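S.K.: Following this message is one structure expressed as structure tokens.
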Amino acid sequence: MKLGFVSAILDTWNYEEMMDFASDHGFECVEVACWPQGKAERRYAGVTHIDVDKVLEDEEYAKHILDYSKEKNVEISTLAYYPNTMDGNQEKREAAVAHLKNVIRASHKLGVNMVSTFIGRDQTKTVEENLELVKEVWPSIIKLAEENDVKVAIENCPMLFGPDQWPGGQNLMTTPKIWRQVFDILNSDNLGINYDPSHFVWQMIDYIKPIYEFKDKIFHVHYKDIKIYKDKLESCGTMAYPLEYMSPKIPGLGDVDWGKYVSALTDIGYDGCTCIEVEDRAFEGSKEKVEDSLILSRRYLKQFVI
């Protein structure tokens with residue numbers, strides 16, 4: 001397995017600076033943020049380290065992206081774009097799908113052949129209604145991925161943290177049960193999972209068992225931790241906004257048993273890229289703290305990932 005990080009945390013770094021940091025600190029790969037240019041609607045969104053529209057239009061730019069990656073000996077594991085492709089607002093939905101399709105095209109052109117994203121969700125509709133929406137929105141996306149030999153890895157984050165995402169959240173593929181349903185609808189070898197154990201912790205789901213069931217669908221892996229505050233949970237209950245009783249942490253500072261997690265990945269023979277995702281507010285506020293979050297996470301995880 002190769003150890004890297006999700007580049008969105010380095011939001012003020014450009015592509016070259018981000019790759020320099022990865023190379024200087026011994027990271028082997030990066031999941032590169034590829035949002036459209038413009039203002040972000042939420043934290044960790046809107047970061048653009050690779051401009052996919054420019055990749056498709058400018059041969060020299062595309063060549064530079066690959067040449068710099070090779071020069072720094074840091075692999076681009078996947079192109080990352082996490083919008084809501086099934087937003088209840090039709091205009092937002094269409095814009096998200098259009099850009100995601102360009103991310104897929106750019107991933108093929110760069111030879112990365114992997115895109116990490118969300119399936120999306122209309123947060124005002126039921127699970128059953130959203131499964132019907134999957135049939136409407138996603139077949140053309142998967143067809144394009146198949147035509148371009150690109151794997152689409154869906155992260156299992158519910159995107160349900162506060163009032164803006166209430167009641168249903170903005171990503172449907174959050175549990176093994178729903179994974180099975182979506183994979184039945186979109187029966188494609190090009191659709192799989194970007195596996196993040198932290199999201200199962202606060203949903204009270206076993207984060208080890210699904211690794212074995214979905215071993216052939218795990219395309220990419222995240223390392224992010226979650227800390228549950230039991231005193232707060234006992235006060236507000238699981239029906240509260242999740243951030244009332246939990247918080248994201250860097251690996252080793254939360255409740256995930258990383259030895260068991262990596263052990264399960266080795267059991268299934270996973271040998272792909274594994275990327276640290278930082279959303280820990282304790283490491284925000286300065287460039288030094290952000291850099292420390294990645295350096296400390298790598299130091300901790302190197303005991304499991306050689």
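Naming works like this for the structure tokens: A, B, ... for the chains as they're shown, residue 1 at the start of each chain, ligands 1 onward in shown order.
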I'd like the neighbourhood of Ile178 of chain A as a ChimeraX atom specification, where a residue qualifies if any of its atoms comes within 12 Å (using only C-alpha atoms), though same-chain residues fewer than 5 positions away should be ignored.
M.R.: /A:119,127-128,130-131,134,156,158,171-173,183-185
S.K.: For the residues selected in the previous step, produce a file with all heavy atoms as a compact mmCIF listing (two decimals), in the first residue's frame.
M.R.:
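Written file, part-v3.txt:
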# COMPACT_ATOMS: atom_id res chain seq x y z
N ILE A 119 -22.02 10.08 -4.35
CA ILE A 119 -23.15 9.75 -5.22
C ILE A 119 -24.18 10.88 -5.20
O ILE A 119 -24.92 11.09 -6.14
CB ILE A 119 -23.82 8.41 -4.80
CG1 ILE A 119 -24.57 7.78 -5.98
CG2 ILE A 119 -24.75 8.59 -3.62
CD1 ILE A 119 -23.73 7.00 -6.93
N VAL A 127 -34.90 7.76 1.27
CA VAL A 127 -33.92 6.86 0.66
C VAL A 127 -34.49 6.23 -0.60
O VAL A 127 -33.83 6.17 -1.64
CB VAL A 127 -33.48 5.77 1.66
CG1 VAL A 127 -32.65 4.69 0.96
CG2 VAL A 127 -32.69 6.38 2.81
N GLU A 128 -35.72 5.76 -0.53
CA GLU A 128 -36.34 5.10 -1.67
C GLU A 128 -36.47 6.04 -2.86
O GLU A 128 -36.20 5.65 -4.01
CB GLU A 128 -37.72 4.56 -1.27
CG GLU A 128 -37.70 3.41 -0.27
CD GLU A 128 -37.42 3.85 1.16
OE1 GLU A 128 -37.52 5.08 1.46
OE2 GLU A 128 -37.09 2.98 1.99
N ASN A 130 -34.57 8.61 -3.43
CA ASN A 130 -33.23 8.88 -3.93
C ASN A 130 -32.67 7.72 -4.73
O ASN A 130 -31.90 7.93 -5.68
CB ASN A 130 -32.30 9.23 -2.77
CG ASN A 130 -32.32 10.71 -2.44
OD1 ASN A 130 -31.65 11.52 -3.09
ND2 ASN A 130 -33.11 11.09 -1.44
N LEU A 131 -33.03 6.50 -4.40
CA LEU A 131 -32.61 5.36 -5.21
C LEU A 131 -33.20 5.46 -6.61
O LEU A 131 -32.54 5.10 -7.60
CB LEU A 131 -33.03 4.05 -4.54
CG LEU A 131 -32.23 3.68 -3.28
CD1 LEU A 131 -32.90 2.52 -2.54
CD2 LEU A 131 -30.78 3.32 -3.63
N VAL A 134 -31.10 7.96 -8.44
CA VAL A 134 -29.84 7.37 -8.93
C VAL A 134 -30.03 6.86 -10.35
O VAL A 134 -29.17 7.06 -11.22
CB VAL A 134 -29.38 6.23 -8.00
CG1 VAL A 134 -28.25 5.43 -8.66
CG2 VAL A 134 -28.91 6.77 -6.66
N ASN A 156 -18.05 7.11 1.60
CA ASN A 156 -19.23 6.80 2.39
C ASN A 156 -19.57 7.85 3.45
O ASN A 156 -20.16 7.53 4.48
CB ASN A 156 -19.07 5.43 3.06
CG ASN A 156 -17.77 5.30 3.85
OD1 ASN A 156 -16.68 5.44 3.29
ND2 ASN A 156 -17.85 5.00 5.13
N PRO A 158 -21.83 10.58 5.03
CA PRO A 158 -23.24 10.97 4.90
C PRO A 158 -23.47 12.44 4.51
O PRO A 158 -24.56 12.80 4.09
CB PRO A 158 -23.82 10.69 6.30
CG PRO A 158 -22.93 9.64 6.87
CD PRO A 158 -21.55 10.02 6.38
N ASN A 171 -25.35 12.77 0.68
CA ASN A 171 -24.67 11.63 0.02
C ASN A 171 -25.39 10.36 0.43
O ASN A 171 -25.43 10.01 1.60
CB ASN A 171 -23.19 11.57 0.43
CG ASN A 171 -22.45 10.48 -0.31
OD1 ASN A 171 -22.71 10.19 -1.48
ND2 ASN A 171 -21.50 9.86 0.35
N LEU A 172 -25.94 9.67 -0.54
CA LEU A 172 -26.78 8.51 -0.28
C LEU A 172 -26.00 7.26 0.12
O LEU A 172 -26.47 6.46 0.94
CB LEU A 172 -27.62 8.20 -1.53
CG LEU A 172 -28.62 7.05 -1.44
CD1 LEU A 172 -29.72 7.35 -0.42
CD2 LEU A 172 -29.23 6.77 -2.82
N MET A 173 -24.80 7.08 -0.42
CA MET A 173 -24.08 5.81 -0.23
C MET A 173 -23.30 5.81 1.08
O MET A 173 -22.08 5.96 1.11
CB MET A 173 -23.15 5.53 -1.41
CG MET A 173 -23.89 5.05 -2.64
SD MET A 173 -22.81 4.59 -4.00
CE MET A 173 -22.00 3.13 -3.35
N PHE A 183 -25.31 -0.66 -6.02
CA PHE A 183 -24.55 -1.53 -6.91
C PHE A 183 -25.47 -2.42 -7.74
O PHE A 183 -25.11 -2.83 -8.85
CB PHE A 183 -23.56 -2.38 -6.11
CG PHE A 183 -22.39 -1.59 -5.56
CD1 PHE A 183 -21.88 -1.87 -4.29
CD2 PHE A 183 -21.80 -0.58 -6.30
CE1 PHE A 183 -20.81 -1.16 -3.78
CE2 PHE A 183 -20.73 0.14 -5.79
CZ PHE A 183 -20.23 -0.15 -4.53
N ASP A 184 -26.66 -2.73 -7.23
CA ASP A 184 -27.64 -3.47 -8.03
C ASP A 184 -28.20 -2.59 -9.14
O ASP A 184 -28.42 -3.05 -10.26
CB ASP A 184 -28.79 -3.96 -7.13
CG ASP A 184 -28.43 -5.19 -6.32
OD1 ASP A 184 -27.43 -5.86 -6.66
OD2 ASP A 184 -29.15 -5.49 -5.35
N ILE A 185 -28.40 -1.31 -8.82
CA ILE A 185 -28.93 -0.38 -9.82
C ILE A 185 -27.88 -0.07 -10.88
O ILE A 185 -28.16 -0.07 -12.09
CB ILE A 185 -29.39 0.93 -9.14
CG1 ILE A 185 -30.60 0.67 -8.24
CG2 ILE A 185 -29.73 2.00 -10.19
CD1 ILE A 185 -30.95 1.83 -7.32
S.K.: For Ile218 of chain A, please output as a VMD selection string all residues within 8 Å (counting only C-alpha atoms; exclusion window: fewer than 4 positions along the same chain).
M.R.: chain A and resid 153 192 to 195 211 214
S.K.: Can you pull out every residue within 7 Å of Lys2 of chain A, counting only C-alpha atoms, but drop anything in the same chain fewer than 6 positions away, and send it as an MDAnalysis selection string?
M.R.: chainID A and resid 28:29 272:274
S.K.: Apply DSSP to the structure's backbone, then extract all residues of segment 133-240 of chain A labelled strand (DSSP E or B) and return them as a ChimeraX atom specification.
M.R.: /A:151-155,191-195,218-223,225-228
S.K.: Neighbours of Asp122 of chain A within 8 Å (only C-alpha atoms; same-chain residues fewer than 2 positions away dropped), as a list in words?
M.R.: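 Selected residues are Met86, Asp87, Gly88, Gly120, Thr124, Lys125, Asn130, Gly168, Gly169 and Gln170 of chain A.
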S.K.: Fewer than 6 positions away in the same chain doesn't count, so skip those; otherwise give me all residues within 10 Å of Asp271 of chain A, counting only C-alpha atoms, as a count of residues only.
M.R.: 5
S.K.: Measure the distance from atom CA of Phe304 of chain A to atom CA of Lys249 of chain A in Å and round it to one decimal.
M.R.: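 That distance, rounded to one decimal, is 18.0 Å.
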S.K.: Could you jot down the atom CA of Val52 of chain A to atom CA of Val278 of chain A separation for me, Å, one decimal place?
M.R.: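 Atom CA of Val278 of chain A lies 23.3 Å from atom CA of Val52 of chain A.
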S.K.: Could you pull out the alpha helix (DSSP H) residues of segment 67-302 of chain A from DSSP and send them as a PyMOL selection string?
M.R.: chain A and resi 67-72+90-110+127-137+139-147+176-185+198-202+209-213+230-236+258-267+287-301
S.K.: Report, in Å to a single decimal, how far apart atom CA of Asp255 of chain A and atom CA of Ile226 of chain A are.
M.R.: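 Atom CA of Asp255 of chain A lies at a distance of 5.9 Å from atom CA of Ile226 of chain A.
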